[in-house]
Amino acid sequence: MFFPYNTDAPLYYRPIVTILMIAVNFFAFFCELADPEFVVTFFALKVGDGLNPIQWLTCNFLHADIFHLVGNMISFWAFGLVVEGKLGLFKTLGVYLGIGTIYGAIVQILMLGGDEGICLGASAIVFGMMAMCIIWAPENSMECVLFIRITPIFFEVRIKILVCIFLVMQIIFLVLNGGRLSSEFLHVVGAVTGFIVGIWLLKSGQVDCENWDIFSIWSGRHEMTEIERIKHDANTPKAKQKKIEQSKKRQNLLLEEIRIAINDNNPIPAFVIVQKMIKEFPNAVIPESDLLSLIQILIKGKLWSEAIVMIREYLSRFTSKSLPIRLNLARIFIEIDKPHSAKKTLSKIDPNDLDSSQYKVLQSLKELAQKKALFLEQQGIYEVVEEV
């Protein structure tokens, strides 16, 4: 007799569900012994006799005899170690019950209108877990013992080799019997279900195979250095999406800090955070309302240099309030003795776009800029005209 009993695959959780499910299977078997007709009639998976969803699950805990039970539980222990060792308690319980239920549904649906019969046993779940193991840990080994008479022979075999042997045998026998309902048919259905579930859990990031899963091996990632792997992982669609989500989260956090500073009338902290945000995220757009509020409190605090920086940021991104913003900018330039920069700013305003009050402000600022320019020239002071 041949038994796999342990593995060298990295395991992160104790086999609590594996032990629990083995105990439940033995308990169900003893219930069968007490009243086999009742248990099999109501809880085994009946095929060719309609649909019974309860049986999709319950059939996985019933067995034909003690040898059927023990054989399944030994295999379940070996492959359950790998699955639960990587998934943990609750996910493994979901996998066990999920594979069993899906398999039961598939078989009962496929056999609608066929010959009547019953199916029972945890074999489909075992083969489902085998399929998951070959996806997650193909190069790891399974420790096995082979009894020749009463002499045990211990050896190791790669999981991919062991599982392939089991699966190929089932497929060969299934083909030989014409694809009819049989234990091999049930095993193959369980394995296909396990492949699908295993790939989904791996690709959704719910299991860590440390780059030794079958896809990492095919792509050569298991042979990469740590630096190469980090670079490779950073370019995967999942990593890029995660980076985008982290970037949005960071931007939202900075925006919240900006708004708090503005509401507390703290222009300098708000200005510093805006500069940080622009530096970290050059393509990020600070909402127009926030930018206008910041410009307003900077002007109110007579923080002219900072106000000019924020006005330039506003004019590079928005247009709805550009006319009053340019008027304010011209006023600031006059205030800091840069009348020619003020005149250049005012020259970009089309008087036809202004209402009567704005037009008066425009004319007033032009006169102030001209007077300030003449005054500075008389003092021998010249300015470097700023571009806006």
# chains A, B, ... in the order shown; residues from 1 in each chain; ligands from 1
>>> residues_around(residues="A:Val309", least_positions_apart="4", cutoff="10 Å", atoms="only C-alpha atoms", output="PDB file with C-alpha atoms, in the first residue's frame")
ATOM      1  CA  PHE A 271       0.753  76.354   0.796  1.00  0.00           C
ATOM      2  CA  GLN A 275       3.697  72.333  -3.016  1.00  0.00           C
ATOM      3  CA  ILE A 295      -5.205  82.276  -2.935  1.00  0.00           C
ATOM      4  CA  TRP A 304       2.653  87.944  -1.886  1.00  0.00           C
ATOM      5  CA  SER A 305       5.296  85.482  -3.143  1.00  0.00           C
ATOM      6  CA  GLU A 313      -0.917  77.338 -10.671  1.00  0.00           C
ATOM      7  CA  TYR A 314      -4.543  78.431 -11.014  1.00  0.00           C
ATOM      8  CA  VAL A 388       2.527  84.993 -16.041  1.00  0.00           C
TER       9      VAL A 388
END
>>> closest_atom_pairs(of="stretch 189-283 of chain A", to="stretch 121-139 of chain A", cutoff="6 Å", atoms="only C-alpha atoms", output="CSV")
residue,atom,partner,partner_atom,distance
A:Gly190,CA,A:Ala124,CA,4.1
A:Ala191,CA,A:Gly128,CA,4.2
A:Gly194,CA,A:Gly128,CA,3.7
A:Phe195,CA,A:Ala131,CA,5.2
A:Gly198,CA,A:Met132,CA,4.7
A:Cys209,CA,A:Trp136,CA,6.0
A:Asp213,CA,A:Trp136,CA,4.3
A:Ile214,CA,A:Ile135,CA,5.2
>>> atom_distance(atom1="atom CA of A:Leu11", atom2="atom CA of A:Lys86")
5.6 Å
>>> residues_around(residues="A:Leu174", least_positions_apart="5", cutoff="10 Å", atoms="only C-alpha atoms", output="list in words")
Val168, Met169, Gly179, Arg180, Leu181, Ser182, Ser183, Glu184, Phe185, Leu186, His187 and Val188 of chain A
>>> write_last_selection(atoms="N, CA and C atoms", output="CSV table (one decimal), in the first residue's frame")
chain,number,residue,atom,x,y,z
A,168,VAL,N,-3.6,11.4,-14.8
A,168,VAL,CA,-3.5,10.6,-16.0
A,168,VAL,C,-4.2,9.3,-15.9
A,169,MET,N,-4.0,8.6,-14.8
A,169,MET,CA,-4.7,7.3,-14.6
A,169,MET,C,-6.2,7.5,-14.7
A,179,GLY,N,-16.5,7.3,-21.0
A,179,GLY,CA,-16.9,8.6,-20.4
A,179,GLY,C,-18.2,8.5,-19.5
A,180,ARG,N,-18.5,7.2,-19.2
A,180,ARG,CA,-19.8,7.0,-18.4
A,180,ARG,C,-19.5,7.4,-17.0
A,181,LEU,N,-20.6,7.6,-16.3
A,181,LEU,CA,-20.6,7.9,-14.8
A,181,LEU,C,-19.8,6.8,-14.1
A,182,SER,N,-18.7,7.2,-13.4
A,182,SER,CA,-17.9,6.3,-12.7
A,182,SER,C,-17.1,7.1,-11.7
A,183,SER,N,-16.3,6.4,-10.9
A,183,SER,CA,-15.5,7.1,-9.9
A,183,SER,C,-14.4,8.0,-10.6
A,184,GLU,N,-13.9,7.5,-11.8
A,184,GLU,CA,-13.0,8.3,-12.6
A,184,GLU,C,-13.6,9.6,-13.1
A,185,PHE,N,-14.9,9.5,-13.5
A,185,PHE,CA,-15.6,10.7,-14.0
A,185,PHE,C,-15.7,11.7,-12.8
A,186,LEU,N,-16.1,11.2,-11.6
A,186,LEU,CA,-16.2,12.1,-10.5
A,186,LEU,C,-14.9,12.7,-10.1
A,187,HIS,N,-13.8,11.9,-10.2
A,187,HIS,CA,-12.5,12.5,-9.8
A,187,HIS,C,-12.1,13.6,-10.8
A,188,VAL,N,-12.3,13.4,-12.1
A,188,VAL,CA,-11.9,14.4,-13.1
A,188,VAL,C,-12.8,15.7,-12.9
>>> closest_residue(among="A:Val40, A:Gly301, A:Ile66, A:Pro152", to="A:Gly117", atoms="only C-alpha atoms")
A:Val40
>>> residues_around(residues="A:Phe61", least_positions_apart="5", cutoff="10 Å", atoms="only C-alpha atoms", output="PyMOL selection string")
chain A and resi 21-22+24-29+43-44+69+100+120-123
>>> write_last_selection(atoms="N, CA and C atoms", output="compact mmCIF listing (two decimals), in the first residue's frame")
# COMPACT_ATOMS: atom_id res chain seq x y z
N MET A 21 -12.28 18.01 9.24
CA MET A 21 -13.04 17.36 8.17
C MET A 21 -12.83 15.84 8.19
N ILE A 22 -11.64 15.41 8.55
CA ILE A 22 -11.41 13.95 8.67
C ILE A 22 -12.31 13.40 9.77
N VAL A 24 -15.16 14.67 10.85
CA VAL A 24 -16.56 14.72 10.40
C VAL A 24 -16.85 13.56 9.45
N ASN A 25 -15.90 13.23 8.57
CA ASN A 25 -16.10 12.11 7.65
C ASN A 25 -16.23 10.78 8.40
N PHE A 26 -15.42 10.59 9.43
CA PHE A 26 -15.53 9.36 10.22
C PHE A 26 -16.86 9.33 10.98
N PHE A 27 -17.27 10.49 11.52
CA PHE A 27 -18.55 10.55 12.23
C PHE A 27 -19.69 10.21 11.27
N ALA A 28 -19.65 10.76 10.06
CA ALA A 28 -20.70 10.48 9.07
C ALA A 28 -20.72 8.99 8.71
N PHE A 29 -19.54 8.39 8.67
CA PHE A 29 -19.47 6.96 8.34
C PHE A 29 -20.13 6.12 9.43
N PHE A 43 -29.06 11.41 1.69
CA PHE A 43 -27.88 12.27 1.68
C PHE A 43 -26.84 11.93 0.62
N ALA A 44 -26.90 10.74 0.01
CA ALA A 44 -26.01 10.45 -1.11
C ALA A 44 -26.49 11.22 -2.33
N LEU A 69 -13.23 5.05 2.85
CA LEU A 69 -13.05 6.18 3.77
C LEU A 69 -11.59 6.41 4.11
N GLY A 100 -16.72 20.62 -3.01
CA GLY A 100 -17.66 19.51 -2.89
C GLY A 100 -19.04 19.86 -3.43
N LEU A 120 -21.10 8.98 -3.89
CA LEU A 120 -20.73 9.40 -2.54
C LEU A 120 -19.22 9.30 -2.38
N GLY A 121 -18.72 10.03 -1.40
CA GLY A 121 -17.28 10.00 -1.12
C GLY A 121 -16.63 11.37 -1.27
N ALA A 122 -15.51 11.52 -0.59
CA ALA A 122 -14.76 12.78 -0.63
C ALA A 122 -13.70 12.79 -1.73
N SER A 123 -13.76 11.80 -2.61
CA SER A 123 -12.72 11.69 -3.63
C SER A 123 -12.62 12.93 -4.50
>>> select_by_dssp(residues="stretch 6-228 of chain A", states="helix (DSSP H, G or I)", output="ChimeraX atom specification")
/A:16-34,36-43,53-61,66-87,89-110,123-136,159-176,183-203,214-219,221-223,226-228
>>> residues_around(residues="A:Leu87", least_positions_apart="2", cutoff="8 Å", atoms="only C-alpha atoms", output="list in words")
Tyr13, Val83, Glu84, Gly85, Leu89, Lys91, Thr92, Gln206 and Val207 of chain A
>>> residues_around(residues="stretch 348-358 of chain A", least_positions_apart="5", cutoff="9 Å", atoms="only C-alpha atoms", output="list in words")
Leu323, Pro324, Arg326, Leu327, Lys343 and Gln363 of chain A
>>> write_last_selection(atoms="C-alpha atoms", output="tab-separated table (two decimals), in the first residue's frame")
chain	number	residue	atom	x	y	z
A	323	LEU	CA	-10.23	87.75	-15.04
A	324	PRO	CA	-10.54	88.63	-11.32
A	326	ARG	CA	-5.38	88.49	-13.09
A	327	LEU	CA	-6.64	91.74	-11.59
A	343	LYS	CA	1.09	96.15	-16.86
A	363	GLN	CA	-8.33	101.30	-15.55
>>> select_by_dssp(residues="stretch 51-233 of chain A", states="strand (DSSP E or B)", output="PDB file with C-alpha atoms, in the first residue's frame")
ATOM      1  CA  GLY A 117     -27.577   5.855  -9.531  1.00  0.00           C
ATOM      2  CA  ILE A 118     -25.856   7.312  -6.495  1.00  0.00           C
ATOM      3  CA  CYS A 119     -22.490   8.960  -5.858  1.00  0.00           C
ATOM      4  CA  SER A 141       7.886  17.200  -2.622  1.00  0.00           C
ATOM      5  CA  MET A 142       5.458  14.862  -0.919  1.00  0.00           C
ATOM      6  CA  GLU A 143       6.842  12.414   1.623  1.00  0.00           C
ATOM      7  CA  CYS A 144       5.414   8.957   1.038  1.00  0.00           C
ATOM      8  CA  VAL A 145       5.581   5.483   2.468  1.00  0.00           C
ATOM      9  CA  LEU A 146       5.159   2.282   0.463  1.00  0.00           C
ATOM     10  CA  PHE A 147       4.417  -0.958   2.314  1.00  0.00           C
ATOM     11  CA  ILE A 148       5.707  -4.101   0.660  1.00  0.00           C
ATOM     12  CA  THR A 151       8.140  -3.525   5.253  1.00  0.00           C
ATOM     13  CA  PRO A 152       7.829   0.279   4.927  1.00  0.00           C
ATOM     14  CA  ILE A 153       9.852   2.062   2.252  1.00  0.00           C
ATOM     15  CA  PHE A 154      10.036   5.829   2.672  1.00  0.00           C
ATOM     16  CA  PHE A 155      10.676   8.121  -0.285  1.00  0.00           C
ATOM     17  CA  GLU A 156       9.886  11.577  -1.679  1.00  0.00           C
ATOM     18  CA  VAL A 157       8.224  12.483  -4.963  1.00  0.00           C
ATOM     19  CA  ARG A 158       7.525  15.842  -6.570  1.00  0.00           C
TER      20      ARG A 158
END
>>> atom_distance(atom1="atom CA of A:Gly380", atom2="atom CA of A:Ile334")
16.8 Å
>>> closest_residue(among="A:Met310, A:Gln55, A:Phe42, A:Lys300", to="A:Ile278", atoms="only C-alpha atoms")
A:Met310
